[in-house]
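Structure file coords_4.cif; described as mmCIF, C-alpha atoms and all ligand atoms.
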```
data_input
loop_
_atom_site.label_atom_id
_atom_site.label_comp_id
_atom_site.auth_asym_id
_atom_site.auth_seq_id
_atom_site.Cartn_x
_atom_site.Cartn_y
_atom_site.Cartn_z
CA MET A 16 -3.40 6.61 6.76
CA LYS A 17 -4.27 8.51 3.58
CA LYS A 18 -6.06 6.82 0.70
CA ILE A 19 -4.16 6.68 -2.59
CA VAL A 20 -5.38 7.17 -6.13
CA ILE A 21 -2.84 6.32 -8.81
CA GLY A 22 -3.33 7.24 -12.45
CA ASN A 23 -1.61 4.79 -14.79
CA TRP A 24 -1.46 6.60 -18.12
CA LYS A 25 0.09 3.59 -19.87
CA MET A 26 1.46 4.66 -23.31
CA ASN A 27 -0.67 7.83 -23.42
CA PRO A 28 -1.03 10.60 -24.43
CA GLU A 29 1.01 10.82 -27.61
CA LYS A 30 2.59 14.23 -27.02
CA VAL A 31 4.28 15.83 -24.06
CA ASP A 32 2.25 19.04 -24.34
CA GLU A 33 -0.94 17.07 -24.02
CA ALA A 34 0.51 15.25 -21.01
CA LYS A 35 1.40 18.52 -19.32
CA LYS A 36 -2.08 19.86 -19.94
CA ILE A 37 -3.70 16.85 -18.30
CA ALA A 38 -1.29 17.05 -15.34
CA SER A 39 -2.02 20.77 -14.84
CA GLY A 40 -5.74 20.04 -14.89
CA ILE A 41 -5.31 17.34 -12.28
CA VAL A 42 -3.27 19.71 -10.11
CA LYS A 43 -6.18 22.17 -10.10
CA VAL A 44 -8.79 19.56 -9.17
CA CYS A 45 -6.60 18.13 -6.41
CA LYS A 46 -5.69 21.43 -4.79
CA ASN A 47 -7.50 20.95 -1.50
CA LEU A 48 -6.99 17.28 -0.73
CA LYS A 49 -6.26 16.36 2.88
CA LYS A 50 -6.89 12.64 3.09
CA THR A 51 -5.97 11.40 -0.35
CA GLU A 52 -2.61 11.04 -2.00
CA VAL A 53 -2.63 11.30 -5.79
CA VAL A 54 0.08 9.77 -7.98
CA ILE A 55 0.46 10.18 -11.75
CA CYS A 56 2.42 7.56 -13.71
CA PRO A 57 3.07 8.92 -17.21
CA PRO A 58 5.14 7.23 -19.93
CA THR A 59 8.84 7.24 -18.89
CA LEU A 60 9.76 9.81 -21.53
CA PHE A 61 7.37 12.38 -20.02
CA ILE A 62 8.28 11.86 -16.36
CA SER A 63 10.71 14.80 -16.12
CA ALA A 64 8.28 17.21 -17.76
CA ILE A 65 5.39 16.10 -15.61
CA ALA A 66 7.55 16.14 -12.46
CA GLU A 67 8.20 19.79 -13.24
CA THR A 68 4.47 20.47 -13.62
CA LEU A 69 3.89 18.78 -10.26
CA GLN A 70 6.58 20.72 -8.44
CA LYS A 71 5.29 22.50 -5.34
CA THR A 72 2.06 20.48 -5.48
CA LYS A 73 1.14 17.52 -3.30
CA ILE A 74 0.75 15.19 -6.26
CA SER A 75 3.47 12.59 -6.62
CA ILE A 76 5.06 11.26 -9.75
CA GLY A 77 5.35 7.55 -10.45
CA ALA A 78 6.73 5.22 -13.13
CA GLN A 79 5.17 2.23 -14.86
CA ASP A 80 8.19 -0.08 -14.57
CA ALA A 81 11.94 -0.04 -13.84
CA PHE A 82 14.89 -2.40 -14.14
CA TYR A 83 16.59 -3.92 -11.11
CA GLU A 84 20.24 -3.31 -12.04
CA PRO A 85 21.63 0.15 -11.25
CA LYS A 86 23.45 0.61 -14.59
CA GLY A 87 25.14 -1.30 -17.38
CA ALA A 88 24.53 -3.05 -20.67
CA TYR A 89 20.72 -3.37 -20.45
CA THR A 90 19.43 -1.87 -23.68
CA GLY A 91 16.13 -0.09 -23.32
CA SER A 92 16.08 -0.23 -19.53
CA VAL A 93 15.92 2.47 -16.87
CA SER A 94 17.00 1.88 -13.28
CA VAL A 95 15.05 2.54 -10.10
CA ALA A 96 17.75 4.98 -8.91
CA MET A 97 17.62 6.92 -12.19
CA LEU A 98 13.88 7.34 -11.80
CA LYS A 99 14.25 8.31 -8.18
CA ARG A 100 16.74 11.01 -9.14
CA ILE A 101 14.14 12.70 -11.34
CA GLY A 102 11.55 12.66 -8.58
CA VAL A 103 9.77 9.30 -8.90
CA LYS A 104 8.19 8.14 -5.62
CA TYR A 105 6.14 5.14 -6.77
CA ILE A 106 6.87 2.42 -9.35
CA ILE A 107 4.22 0.08 -10.73
CA LEU A 108 5.59 -3.47 -11.03
CA GLY A 109 4.20 -6.55 -12.72
CA HIS A 110 1.29 -4.86 -14.46
CA SER A 111 -0.71 -7.43 -16.42
CA GLU A 112 0.18 -5.66 -19.68
CA ARG A 113 3.87 -6.16 -18.86
CA ARG A 114 3.31 -9.73 -17.69
CA GLU A 115 1.70 -10.34 -21.07
CA LEU A 116 5.08 -9.35 -22.60
CA GLY A 117 7.01 -11.77 -20.41
CA GLU A 118 7.36 -10.13 -16.99
CA THR A 119 7.56 -12.84 -14.31
CA ASP A 120 7.06 -12.94 -10.53
CA GLU A 121 10.81 -13.45 -10.20
CA LEU A 122 11.55 -10.23 -12.08
CA VAL A 123 8.93 -8.39 -10.05
CA ASN A 124 10.57 -9.70 -6.87
CA LYS A 125 14.02 -8.43 -7.86
CA LYS A 126 12.64 -5.03 -8.87
CA LEU A 127 10.61 -4.76 -5.67
CA LYS A 128 13.66 -5.32 -3.48
CA VAL A 129 15.58 -2.64 -5.36
CA CYS A 130 12.65 -0.24 -4.94
CA LEU A 131 12.63 -0.84 -1.19
CA LYS A 132 16.38 -0.35 -0.97
CA ASN A 133 16.06 2.96 -2.84
CA LYS A 134 13.07 4.05 -0.78
CA VAL A 135 10.74 4.20 -3.76
CA THR A 136 7.31 2.66 -3.14
CA PRO A 137 6.64 -0.44 -5.25
CA VAL A 138 3.06 -0.96 -6.44
CA VAL A 139 2.91 -4.68 -7.15
CA CYS A 140 0.11 -5.72 -9.48
CA VAL A 141 -1.51 -9.12 -9.07
CA GLY A 142 -4.63 -10.50 -10.67
CA GLU A 143 -6.15 -13.55 -12.29
CA LYS A 144 -6.95 -13.77 -16.00
CA VAL A 145 -10.18 -15.64 -15.47
CA ARG A 146 -12.42 -16.75 -12.63
CA ASP A 147 -13.50 -20.35 -12.14
CA ALA A 148 -16.04 -22.05 -9.93
CA HIS A 149 -13.37 -24.09 -8.11
CA GLY A 150 -11.42 -21.11 -6.84
CA TYR A 151 -8.20 -21.88 -8.72
CA TYR A 152 -7.91 -18.14 -9.25
CA LEU A 153 -7.37 -17.77 -5.51
CA ALA A 154 -4.41 -20.14 -5.63
CA PHE A 155 -3.08 -18.13 -8.56
CA ILE A 156 -3.21 -14.85 -6.60
CA LYS A 157 -1.59 -16.55 -3.63
CA LYS A 158 1.28 -17.74 -5.79
CA GLU A 159 1.75 -14.31 -7.34
CA ILE A 160 1.95 -12.71 -3.88
CA GLU A 161 4.25 -15.41 -2.44
CA HIS A 162 6.68 -15.22 -5.35
CA SER A 163 6.61 -11.46 -5.83
CA LEU A 164 7.19 -10.78 -2.13
CA ALA A 165 9.64 -13.63 -1.45
CA GLY A 166 12.41 -12.61 0.92
CA VAL A 167 10.91 -9.21 1.77
CA LYS A 168 11.52 -8.27 5.39
CA ARG A 169 8.52 -7.88 7.66
CA LYS A 170 9.50 -4.36 8.61
CA ASP A 171 9.54 -3.32 4.95
CA LEU A 172 6.00 -4.42 4.25
CA LYS A 173 4.54 -1.08 5.29
CA ASP A 174 6.32 0.39 2.25
CA VAL A 175 4.73 -2.07 -0.18
CA VAL A 176 1.51 -1.42 -2.07
CA ILE A 177 -0.37 -4.29 -3.70
CA ALA A 178 -2.73 -3.49 -6.54
CA TYR A 179 -5.31 -6.17 -7.18
CA GLU A 180 -6.14 -5.90 -10.87
CA PRO A 181 -8.12 -8.85 -12.22
CA VAL A 182 -7.05 -9.01 -15.86
CA TRP A 183 -10.61 -9.60 -17.06
CA ALA A 184 -11.59 -6.21 -15.63
CA VAL A 185 -8.69 -4.22 -17.12
CA GLY A 186 -8.81 -2.00 -20.21
CA SER A 187 -11.27 -1.19 -22.96
CA LYS A 188 -11.89 -4.85 -23.79
CA ALA A 189 -12.80 -5.59 -20.17
CA LEU A 190 -16.06 -7.31 -19.44
CA LYS A 191 -16.77 -4.98 -16.52
CA ALA A 192 -15.34 -3.88 -13.19
CA ILE A 193 -15.45 -6.27 -10.27
CA GLU A 194 -18.53 -6.31 -8.01
CA ALA A 195 -17.90 -4.47 -4.76
CA SER A 196 -18.79 -7.58 -2.71
CA ASP A 197 -16.31 -9.73 -4.66
CA LEU A 198 -13.66 -7.08 -4.13
CA SER A 199 -14.22 -7.15 -0.35
CA GLU A 200 -13.64 -10.90 -0.42
CA MET A 201 -10.45 -10.47 -2.43
CA VAL A 202 -9.09 -7.85 -0.05
CA ILE A 203 -9.70 -10.25 2.85
CA TYR A 204 -8.09 -13.09 0.90
CA ILE A 205 -5.00 -11.00 0.09
CA LYS A 206 -4.70 -9.92 3.74
CA ARG A 207 -5.07 -13.55 4.84
CA THR A 208 -2.34 -14.60 2.40
CA LEU A 209 -0.06 -11.85 3.70
CA THR A 210 -0.86 -12.83 7.29
CA ASP A 211 0.18 -16.43 6.62
CA LEU A 212 3.44 -15.21 5.12
CA PHE A 213 4.38 -12.33 7.41
CA GLY A 214 2.10 -12.36 10.46
CA PRO A 215 -0.93 -10.20 11.22
CA ALA A 216 0.73 -6.88 12.13
CA ALA A 217 2.96 -6.72 9.05
CA ALA A 218 0.09 -7.91 6.81
CA GLN A 219 -2.10 -5.12 8.13
CA SER A 220 0.50 -2.53 7.15
CA VAL A 221 0.36 -3.39 3.43
CA ARG A 222 -1.86 -1.04 1.43
CA ILE A 223 -4.15 -2.79 -1.03
CA LEU A 224 -5.53 -1.00 -4.08
CA TYR A 225 -8.02 -2.06 -6.73
CA GLY A 226 -7.67 -1.45 -10.46
CA GLY A 227 -9.78 -2.45 -13.47
CA SER A 228 -12.44 -0.26 -15.14
CA VAL A 229 -12.62 2.12 -12.19
CA ASN A 230 -14.84 5.12 -12.95
CA LYS A 231 -16.70 7.76 -11.00
CA GLU A 232 -19.84 5.63 -10.90
CA ASN A 233 -18.22 2.63 -9.21
CA ALA A 234 -15.30 4.21 -7.32
CA GLY A 235 -17.24 5.03 -4.15
CA GLU A 236 -18.74 1.59 -3.59
CA PHE A 237 -15.36 -0.16 -3.77
CA PHE A 238 -14.46 1.38 -0.42
CA ASN A 239 -17.64 0.16 1.29
CA GLY A 240 -16.32 -1.88 4.18
CA SER A 241 -13.69 -3.50 2.01
CA GLY A 242 -10.56 -2.32 3.81
CA LEU A 243 -9.31 -0.96 0.50
CA SER A 244 -6.57 1.70 0.63
CA GLY A 245 -7.04 3.13 -2.83
CA LEU A 246 -7.48 2.81 -6.57
CA LEU A 247 -5.30 2.30 -9.62
CA VAL A 248 -7.02 3.98 -12.55
CA GLY A 249 -6.22 3.45 -16.24
CA ARG A 250 -8.40 5.00 -18.95
CA ASP A 251 -10.21 7.49 -16.76
CA SER A 252 -6.94 8.89 -15.36
CA LEU A 253 -6.33 10.64 -18.71
CA ASP A 254 -9.53 12.64 -18.45
CA VAL A 255 -9.19 15.47 -15.95
CA LYS A 256 -12.89 15.63 -15.11
CA LYS A 257 -13.34 11.87 -14.74
CA PHE A 258 -10.13 11.40 -12.75
CA GLY A 259 -10.93 14.45 -10.64
CA ASP A 260 -14.33 13.00 -9.76
CA ILE A 261 -12.75 9.68 -8.75
CA VAL A 262 -10.22 11.49 -6.55
CA LEU A 263 -12.87 13.69 -4.93
CA LEU A 264 -15.07 10.67 -4.22
CA THR A 265 -12.11 8.96 -2.58
CA GLU A 266 -11.44 12.07 -0.51
CA GLU A 267 -15.08 12.05 0.60
CA VAL A 268 -14.88 8.39 1.66
CA ALA A 269 -11.57 9.01 3.43
CA SER A 270 -13.02 11.98 5.30
CA ILE A 271 -15.94 9.95 6.68
CA LYS A 272 -13.75 7.21 8.10
P1 LIG B 301 -8.52 0.59 -16.87
O1 LIG B 301 -8.93 1.52 -15.73
O2 LIG B 301 -8.42 1.28 -18.17
O3 LIG B 301 -9.36 -0.65 -16.90
O4 LIG B 301 -7.02 0.12 -16.55
C1 LIG B 301 -6.72 -0.36 -15.29
C2 LIG B 301 -5.26 -0.50 -15.18
O5 LIG B 301 -4.66 -1.31 -15.87
C3 LIG B 301 -4.54 0.37 -14.24
O6 LIG B 301 -3.25 -0.06 -14.04
#
```
Mind converting the file's structure to structure tokens?
Amino acid sequence: MKKIVIGNWKMNPEKVDEAKKIASGIVKVCKNLKKTEVVICPPTLFISAIAETLQKTKISIGAQDAFYEPKGAYTGSVSVAMLKRIGVKYIILGHSERRELGETDELVNKKLKVCLKNKVTPVVCVGEKVRDAHGYYLAFIKKEIEHSLAGVKRKDLKDVVIAYEPVWAVGSKALKAIEASDLSEMVIYIKRTLTDLFGPAAAQSVRILYGGSVNKENAGEFFNGSGLSGLLVGRDSLDVKKFGDIVLLTEEVASIK
């Protein structure tokens, strides 16, 4: 199974020309990948333009959110099917920055089911705001997974990606990225939670990514024996050189295994 590196551009850059330039740069760096899938998630408004830039390349286009209804009186929303029609293959759901604005596990769950029905891969973000010595953060992650994946069929789990993004490690105000050893524990914990819910085989088929202050210095060590399937990169995905280095490191790790 290929590793995945997803670039979440958030609400950046400001202009479509800039966005196209970054995407073209990434295309060049990613020309010879064999073991790594790269996905770019630009702002919704730029998706069509970037999809065009990515045509005839192996890089996929993704979205940062979508609504669960197919059409209707939902001001400001865009449906999963609409995004699929313009080439979107992955949709990030429940990002902490959206949860901060009111996104709930229940909404994520509805959106996830619509993604699966439309054969678009949902990337479900989970992550605690803080860590505590009593391990309440583990119960929090468990609840997020249980609620977000409620009612999902076992056979569909192979099409689900979970991105573990501890909120304290995300963005420019982040304290720091997670320690590689702590990440290994979290991957095991998430797999254990999925095993309890869906059984070992189905749990094993879910791809787990890490996001939060990923850069070229720490990207390699996150894969060390952690069972991690990939990375969700924010800030450094807007810099061709930095993102390229993260992707190439991932390719190197994937080629060894
Ligand atoms: P940073 O890499 O900027 O910390 O953002 C991570 C993220 O939120 C990706 O979805």
Please give the centre and size of the box around region 151-169 of chain A (axis-aligned, containing every atom listed in the file, 8 Å added per side), with values in Å to one decimal and written as JSON.
```
{"center_x": 2.1, "center_y": -14.9, "center_z": -0.8, "size_x": 36.6, "size_y": 30.0, "size_z": 32.9}
```
Find the spatial neighbours of region 139-155 of chain A, counting only C-alpha atoms, within a cut-off of 10 Å - ignore same-chain residues fewer than 6 positions away - and output them as an MDAnalysis selection string.
chainID A and resid 106:111 114 120 123:124 126:127 161 163:164 175:185 201 204:205 208 223:227 247
Which of A:Gln219, A:Asn23, A:Thr72, A:Thr59 sits closest to ligand LIG 301 (chain B) [using all atoms listed in the file]:
A:Asn23
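Across the model, the gap from CA of Lys158 (chain A) to CA of Asn239 (chain A) is 27.0 Å.
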Closest of A:Ala234, A:Leu264, A:Ile203, A:Met16 to ligand LIG 301 (chain B), counting all atoms listed in the file, is A:Ala234
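For the choices A:Ala218, A:Met26, A:Ile76, A:Ile101, the atom-to-atom distance to ligand LIG 301 (chain B) is smallest for A:Met26 when using all atoms listed in the file.
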I'd like the neighbourhood of Asn233 (chain A) as a PyMOL selection string, where a residue qualifies if any of its atoms comes within 10 Å (using all atoms listed in the file), though same-chain residues fewer than 5 positions away should be ignored.
chain A and resi 192-195+228+238+261+264
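Closest approach to ligand LIG 301 (chain B) from the set A:Glu232, A:Glu29, A:Glu267, A:Glu112 is made by A:Glu112, with distances taken over all atoms listed in the file.
From CA of Arg222 (chain A) back to CA of Ala269 (chain A), the distance works out to 14.1 Å.
One finds CA of Glu67 (chain A) at 10.4 Å from CA of Ser39 (chain A).
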